[in-house]
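The structure file run-v3.cif is reproduced below (mmCIF, C-alpha atoms).
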```cif
data_query
loop_
_atom_site.label_atom_id
_atom_site.label_comp_id
_atom_site.auth_asym_id
_atom_site.auth_seq_id
_atom_site.Cartn_x
_atom_site.Cartn_y
_atom_site.Cartn_z
CA MET A 65 0.00 0.00 0.00
CA LEU A 66 1.36 3.42 -0.93
CA ILE A 67 1.38 6.40 1.40
CA LYS A 68 1.43 9.97 0.09
CA ILE A 69 2.17 13.05 2.18
CA CYS A 70 0.60 15.91 0.26
CA GLY A 71 1.09 19.66 0.49
CA VAL A 72 4.84 19.40 1.04
CA SER A 73 6.47 22.82 0.79
CA SER A 74 9.84 22.45 2.48
CA LEU A 75 12.94 20.36 2.04
CA ALA A 76 12.87 19.37 5.71
CA THR A 77 9.34 17.95 5.42
CA ALA A 78 10.27 16.02 2.29
CA VAL A 79 13.26 14.50 4.08
CA THR A 80 11.07 13.52 7.04
CA ALA A 81 8.52 11.89 4.74
CA LYS A 82 11.24 9.88 3.03
CA GLU A 83 12.99 8.83 6.23
CA CYS A 84 9.83 7.60 7.92
CA GLY A 85 8.87 5.45 4.94
CA ALA A 86 6.30 7.39 2.92
CA ASP A 87 6.20 6.45 -0.76
CA TYR A 88 5.29 9.81 -2.29
CA ILE A 89 5.27 13.50 -1.53
CA GLY A 90 2.80 15.85 -3.16
CA PHE A 91 3.44 19.38 -4.42
CA VAL A 92 0.35 21.56 -4.76
CA PHE A 93 0.58 23.80 -7.82
CA ALA A 94 -3.06 24.91 -7.66
CA PRO A 95 -4.31 27.96 -5.70
CA SER A 96 -4.12 26.90 -2.06
CA ARG A 97 -2.49 27.90 1.20
CA ARG A 98 -0.23 24.91 0.55
CA ARG A 99 0.76 26.07 -2.93
CA ILE A 100 4.47 25.78 -3.70
CA ALA A 101 6.48 27.81 -6.20
CA ILE A 102 7.72 25.80 -9.15
CA PRO A 103 11.45 26.48 -8.49
CA ASP A 104 11.04 25.37 -4.87
CA ALA A 105 9.31 22.14 -5.87
CA CYS A 106 11.99 21.42 -8.47
CA ASN A 107 14.70 21.99 -5.88
CA ILE A 108 13.09 19.61 -3.38
CA ALA A 109 12.55 17.00 -6.10
CA ARG A 110 16.20 17.27 -7.08
CA GLU A 111 17.55 17.11 -3.53
CA VAL A 112 15.41 14.30 -2.10
CA LYS A 113 15.99 10.99 -3.83
CA GLY A 114 14.29 7.69 -3.18
CA ILE A 115 10.71 8.96 -2.83
CA GLY A 116 8.14 9.55 -5.55
CA LYS A 117 6.96 13.04 -6.48
CA VAL A 118 3.39 13.96 -7.38
CA GLY A 119 2.20 17.32 -8.68
CA VAL A 120 -1.35 18.37 -7.78
CA PHE A 121 -3.19 20.48 -10.36
CA VAL A 122 -6.73 21.87 -10.64
CA ASN A 123 -8.02 22.53 -14.16
CA ALA A 124 -4.57 23.58 -15.37
CA PRO A 125 -3.88 24.16 -19.07
CA ILE A 126 -2.43 20.91 -20.39
CA TYR A 127 0.74 22.55 -21.72
CA GLU A 128 1.39 24.12 -18.31
CA LEU A 129 0.87 20.85 -16.47
CA LEU A 130 3.19 18.91 -18.76
CA GLU A 131 5.90 21.57 -18.59
CA ILE A 132 5.87 21.65 -14.78
CA ALA A 133 5.95 17.86 -14.70
CA ARG A 134 9.00 17.92 -16.97
CA GLN A 135 10.81 20.63 -15.00
CA CYS A 136 10.24 18.96 -11.63
CA ARG A 137 10.63 15.41 -12.93
CA LEU A 138 7.33 14.35 -11.43
CA ASP A 139 6.45 10.67 -11.24
CA TYR A 140 2.71 11.38 -11.33
CA VAL A 141 0.39 14.30 -11.82
CA GLN A 142 -2.80 14.44 -9.78
CA LEU A 143 -5.81 16.00 -11.48
CA HIS A 144 -7.90 17.41 -8.68
CA GLY A 145 -10.39 19.54 -10.59
CA ASP A 146 -13.10 19.05 -13.18
CA GLU A 147 -10.81 17.62 -15.84
CA SER A 148 -12.75 15.67 -18.47
CA PRO A 149 -11.90 12.24 -19.89
CA ALA A 150 -10.88 14.03 -23.10
CA TYR A 151 -8.45 16.17 -21.12
CA CYS A 152 -7.05 13.09 -19.39
CA GLN A 153 -6.30 11.46 -22.75
CA LYS A 154 -3.82 14.28 -23.43
CA VAL A 155 -1.85 13.56 -20.26
CA ASN A 156 1.01 11.46 -21.56
CA ILE A 157 2.52 10.68 -18.16
CA PRO A 158 1.15 8.59 -15.27
CA PHE A 159 -1.75 10.34 -13.53
CA ILE A 160 -4.10 10.15 -10.59
CA LYS A 161 -7.66 11.40 -11.08
CA ALA A 162 -9.23 12.78 -7.94
CA VAL A 163 -13.00 12.41 -7.63
CA ARG A 164 -15.22 13.79 -4.89
CA VAL A 165 -17.53 11.17 -3.43
CA ASN A 166 -21.27 11.71 -3.69
CA ASN A 167 -24.35 9.50 -4.02
CA GLU A 168 -24.26 9.57 -7.84
CA LEU A 169 -20.71 8.21 -8.16
CA THR A 170 -20.51 4.96 -10.15
CA ALA A 171 -17.80 2.55 -11.26
CA ALA A 172 -18.57 3.37 -14.92
CA TYR A 173 -18.00 7.06 -14.23
CA LEU A 174 -14.60 6.34 -12.70
CA ALA A 175 -13.56 3.96 -15.48
CA GLN A 176 -13.97 6.60 -18.19
CA TYR A 177 -10.89 8.47 -17.01
CA GLN A 178 -8.54 5.52 -17.67
CA ALA A 179 -6.34 6.77 -14.83
CA ASP A 180 -3.46 4.94 -13.20
CA TYR A 181 -5.14 5.60 -9.84
CA ILE A 182 -8.47 7.05 -8.72
CA LEU A 183 -8.29 9.18 -5.59
CA LEU A 184 -11.54 9.36 -3.64
CA ASP A 185 -11.94 12.59 -1.70
CA SER A 186 -14.77 14.17 0.28
CA TYR A 187 -17.44 16.19 -1.47
CA VAL A 188 -17.85 19.71 -0.13
CA PRO A 189 -19.66 22.22 -2.38
CA GLY A 190 -17.29 24.82 -3.76
CA ARG A 191 -14.15 23.00 -2.60
CA GLN A 192 -11.85 20.88 -4.78
CA GLY A 193 -10.01 19.24 -1.88
CA GLY A 194 -8.10 19.85 1.30
CA THR A 195 -11.32 19.93 3.33
CA GLY A 196 -10.15 17.83 6.28
CA ILE A 197 -13.49 16.03 6.16
CA THR A 198 -13.99 12.27 5.75
CA PHE A 199 -16.57 10.68 3.49
CA ASP A 200 -18.65 7.64 4.47
CA TRP A 201 -16.25 4.74 3.87
CA ASN A 202 -18.90 2.11 4.57
CA LYS A 203 -21.19 3.48 1.87
CA THR A 204 -18.28 3.37 -0.58
CA LYS A 205 -17.33 -0.29 0.00
CA ASP A 206 -19.65 -1.61 -2.73
CA LEU A 207 -18.32 0.93 -5.23
CA ARG A 208 -14.76 0.05 -4.28
CA ARG A 209 -15.36 -3.62 -5.12
CA LYS A 210 -16.64 -2.73 -8.61
CA VAL A 211 -13.71 -0.51 -9.61
CA ASP A 212 -10.77 -2.08 -11.44
CA THR A 213 -8.54 1.00 -11.14
CA PRO A 214 -6.47 1.08 -7.92
CA ILE A 215 -8.06 3.37 -5.32
CA ILE A 216 -6.35 5.97 -3.12
CA VAL A 217 -8.33 7.28 -0.15
CA ALA A 218 -8.07 10.90 0.98
CA GLY A 219 -10.11 13.35 3.01
CA GLY A 220 -9.83 13.92 6.73
CA LEU A 221 -7.36 11.12 7.46
CA THR A 222 -5.47 11.26 10.75
CA VAL A 223 -3.46 8.86 12.88
CA SER A 224 -6.68 8.13 14.80
CA ASN A 225 -8.80 7.01 11.85
CA VAL A 226 -6.39 5.79 9.16
CA ALA A 227 -6.56 2.19 10.41
CA GLU A 228 -10.35 2.22 10.10
CA ALA A 229 -10.16 3.66 6.58
CA ILE A 230 -7.67 1.01 5.51
CA GLY A 231 -9.61 -1.80 7.15
CA THR A 232 -12.88 -0.69 5.59
CA LEU A 233 -11.82 0.03 2.01
CA LEU A 234 -8.58 -1.93 1.59
CA PRO A 235 -7.23 0.82 -0.69
CA ALA A 236 -4.14 0.72 -2.86
CA GLY A 237 -3.01 3.91 -1.16
CA ILE A 238 -3.81 6.72 1.24
CA ASP A 239 -3.22 10.45 0.94
CA VAL A 240 -2.88 12.85 3.88
CA SER A 241 -2.20 16.56 4.23
CA GLY A 242 -4.03 18.45 6.98
CA GLY A 243 -4.03 15.38 9.22
CA VAL A 244 -0.26 15.69 9.67
CA GLU A 245 -0.24 19.42 10.35
CA THR A 246 -0.20 21.58 13.47
CA ASN A 247 -1.42 25.16 13.11
CA GLY A 248 -1.35 24.83 9.34
CA GLN A 249 2.24 23.57 9.13
CA LYS A 250 3.52 20.07 8.52
CA ASP A 251 4.44 18.39 11.80
CA ASP A 252 7.33 15.89 11.69
CA ASP A 253 6.04 13.86 14.64
CA LYS A 254 2.56 13.58 13.13
CA ILE A 255 4.00 12.48 9.80
CA LYS A 256 6.08 9.77 11.46
CA CYS A 257 3.19 8.53 13.58
CA PHE A 258 0.75 8.58 10.65
CA VAL A 259 3.04 6.55 8.41
CA ALA A 260 3.70 4.04 11.21
CA ALA A 261 -0.03 3.71 11.91
CA ALA A 262 -0.84 3.21 8.23
CA ARG A 263 1.85 0.56 7.81
CA ARG A 264 0.66 -1.35 10.87
CA ALA A 265 -2.95 -1.17 9.71
CA ALA A 266 -2.02 -2.47 6.26
CA GLN A 267 -0.38 -5.42 8.00
CA GLY A 268 -3.43 -6.03 10.18
CA GLY A 269 -2.32 -4.29 13.39
CA GLY A 270 -3.38 -1.19 15.33
CA HIS A 271 -1.54 2.10 15.38
CA PRO A 272 1.41 2.43 17.79
CA CYS A 273 0.99 6.09 18.79
#
```
Starting from the file, lay out its structure as structure tokens.
Amino acid sequence: MLIKICGVSSLATAVTAKECGADYIGFVFAPSRRRIAIPDACNIAREVKGIGKVGVFVNAPIYELLEIARQCRLDYVQLHGDESPAYCQKVNIPFIKAVRVNNELTAAYLAQYQADYILLDSYVPGRQGGTGITFDWNKTKDLRRKVDTPIIVAGGLTVSNVAEAIGTLLPAGIDVSGGVETNGQKDDDKIKCFVAAARRAAQGGGHPC
């Protein structure tokens, strides 16, 4: 199971994520309080080896997305807006399509994107992500079983609930941002404890913190 620490904006946080065993770090290039400047993201990507890099975009022009991905040598791009299947077909590098969970969501809808991963996030009107709110994992179990594309779970995950999320949905990955922050800043101790809890849960144990 992969673990992604999203909203990384400093070299120190990236190093912590790598050292505690996270698989990916996420750089937010969309308007957000966690937005990172392109040169800063490229510098972190260059300095920190041995961990995957994901760029998060919201309805970005395709040429801009691909150029940033090239500059920062991203392993994946994460499409977190209203990007259409036609848009996704133009993305010639591995990508994650984020989808907000609501009652109308179907497996057929998710399949049309032909993504490498589908990221399920909470639906909040007017918000594209980063809400810190969980969705109903139990109501999503049936959908999860019908989807062939690997699923990443996001939205309101913390060290206290990540084991339940993993146990309920058995996802291919989990994505956390606000759940490893203190006063809006990434917290090294929370990152370490979250990753440890997620690893133990994936192996069938409880969290150690």
**OP:** Could you give me, as a PyMOL selection string, the residues within 12 Å of A:Gly231, counting all atoms listed in the file and dropping anything in the same chain fewer than 2 positions from it?
**Re:** chain A and resi 201-202+205+217+225-229+233-236+238+262-270
Subject >> Shell around A:Asp87 at 10 Å using all atoms listed in the file, local window under 5 positions removed, as a VMD selection string >> reply: chain A and resid 65 to 69 81 to 82 114 to 117 237 259
**OP:** May I ask for the distance between atom CA of A:Thr222 and atom CA of A:Gly242, given in Å to one decimal place?
**Re:**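 Computed distance, atom CA of A:Thr222 to atom CA of A:Gly242, equals 8.2 Å.
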**OP:** Could you please determine the separation between atom CA of A:Thr246 and atom CA of A:Ala101 in Å, to one decimal place?
**Re:** 21.7 Å
Original post:
What separation in Å, quoted to one decimal, exists between atom CA of A:Ile89 and atom CA of A:Ala171?
Top reply: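 Computing the Euclidean distance for atom CA of A:Ile89 and atom CA of A:Ala171 yields 27.3 Å.
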Original post:
Of the candidates A:Asp212, A:Asp206, A:Asp200, A:Asp139, which shows the shortest atom-to-atom distance to A:Ala179, using only C-alpha atoms?
Top reply: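 For A:Ala179, the nearest of the candidates is A:Asp212.
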Original post:
So which one's closest to A:Leu183, A:Val155, A:Val141, A:Ala78, A:Cys106? Using only C-alpha atoms, please.
Top reply: A:Val141
Subject >> Option closest in space to A:Asp252, from A:Ile157, A:Ala105, A:Cys70, A:Val79 [counting only C-alpha atoms] >> reply: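 Smallest separation from A:Asp252 among the options: A:Val79.
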**OP:** Apply the PyMOL selection byres ((chain A and resi 123) around 8) to the file shown and report the selected residues as a PyMOL selection string.
**Re:** chain A and resi 121-122+124-125+143-147
Original post:
Could you name the residues that touch A:Leu138 at 6 Å or less, counting only C-alpha atoms, but leaving out those on the same chain fewer than 2 positions away, as a list in words?
Top reply: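 The filter keeps Lys117, Val118, Ala133, Cys136 and Tyr140 of chain A.
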Just-selected residues, C-alpha atoms written as a compact mmCIF listing (two decimals), in the frame of the given file:
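Full text of out.txt as output:
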```txt
# COMPACT_ATOMS: atom_id res chain seq x y z
CA LYS A 117 6.96 13.04 -6.48
CA VAL A 118 3.39 13.96 -7.38
CA ALA A 133 5.95 17.86 -14.70
CA CYS A 136 10.24 18.96 -11.63
CA TYR A 140 2.71 11.38 -11.33
```
Neighbours of point (-14.7, 11.0, -13.9) within 6 Å, using all atoms listed in the file, written as a CSV table (one decimal) with C-alpha atoms, keeping the file's coordinate frame:
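Result file is out.csv:
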```
chain,number,residue,atom,x,y,z
A,173,TYR,CA,-18.0,7.1,-14.2
A,174,LEU,CA,-14.6,6.3,-12.7
A,177,TYR,CA,-10.9,8.5,-17.0
```
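With all atoms listed in the file as the atoms that count, the residue of A:Val120, A:Thr80, A:Ser73, A:Glu168 with the shortest distance to A:Ala94 is A:Val120.
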Subject >> Nearest residue to A:Pro103 from the set A:Gln135, A:Ala175, A:Asn166, A:Ala218 (distances using only C-alpha atoms) >> reply: A:Gln135
Please list as a CSV table (one decimal) with C-alpha atoms, keeping the file's coordinate frame every residue within 12 Å of A:Ala172, counting only C-alpha atoms and excluding residues in the same chain fewer than 4 positions away.
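Output contents, as saved in result.csv:
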```csv
chain,number,residue,atom,x,y,z
A,168,GLU,CA,-24.3,9.6,-7.8
A,176,GLN,CA,-14.0,6.6,-18.2
A,177,TYR,CA,-10.9,8.5,-17.0
A,178,GLN,CA,-8.5,5.5,-17.7
A,207,LEU,CA,-18.3,0.9,-5.2
A,208,ARG,CA,-14.8,0.0,-4.3
A,210,LYS,CA,-16.6,-2.7,-8.6
A,211,VAL,CA,-13.7,-0.5,-9.6
A,212,ASP,CA,-10.8,-2.1,-11.4
A,213,THR,CA,-8.5,1.0,-11.1
```
Original post:
Could you name the residues that touch A:Asn167 at 12 Å or less, counting all atoms listed in the file, but leaving out those on the same chain fewer than 5 positions away, as a list of chain:residue names?
Top reply: A:Ser186, A:Tyr187, A:Phe199, A:Asp200, A:Lys203, A:Thr204, A:Leu207
Original post:
What residues come out when you apply the PyMOL selection byres ((chain A and resi 255) around 10) to this file, written as a PyMOL selection string?
Top reply: chain A and resi 69+77+80-81+84-86+222-223+240-241+243-245+250-254+256-261
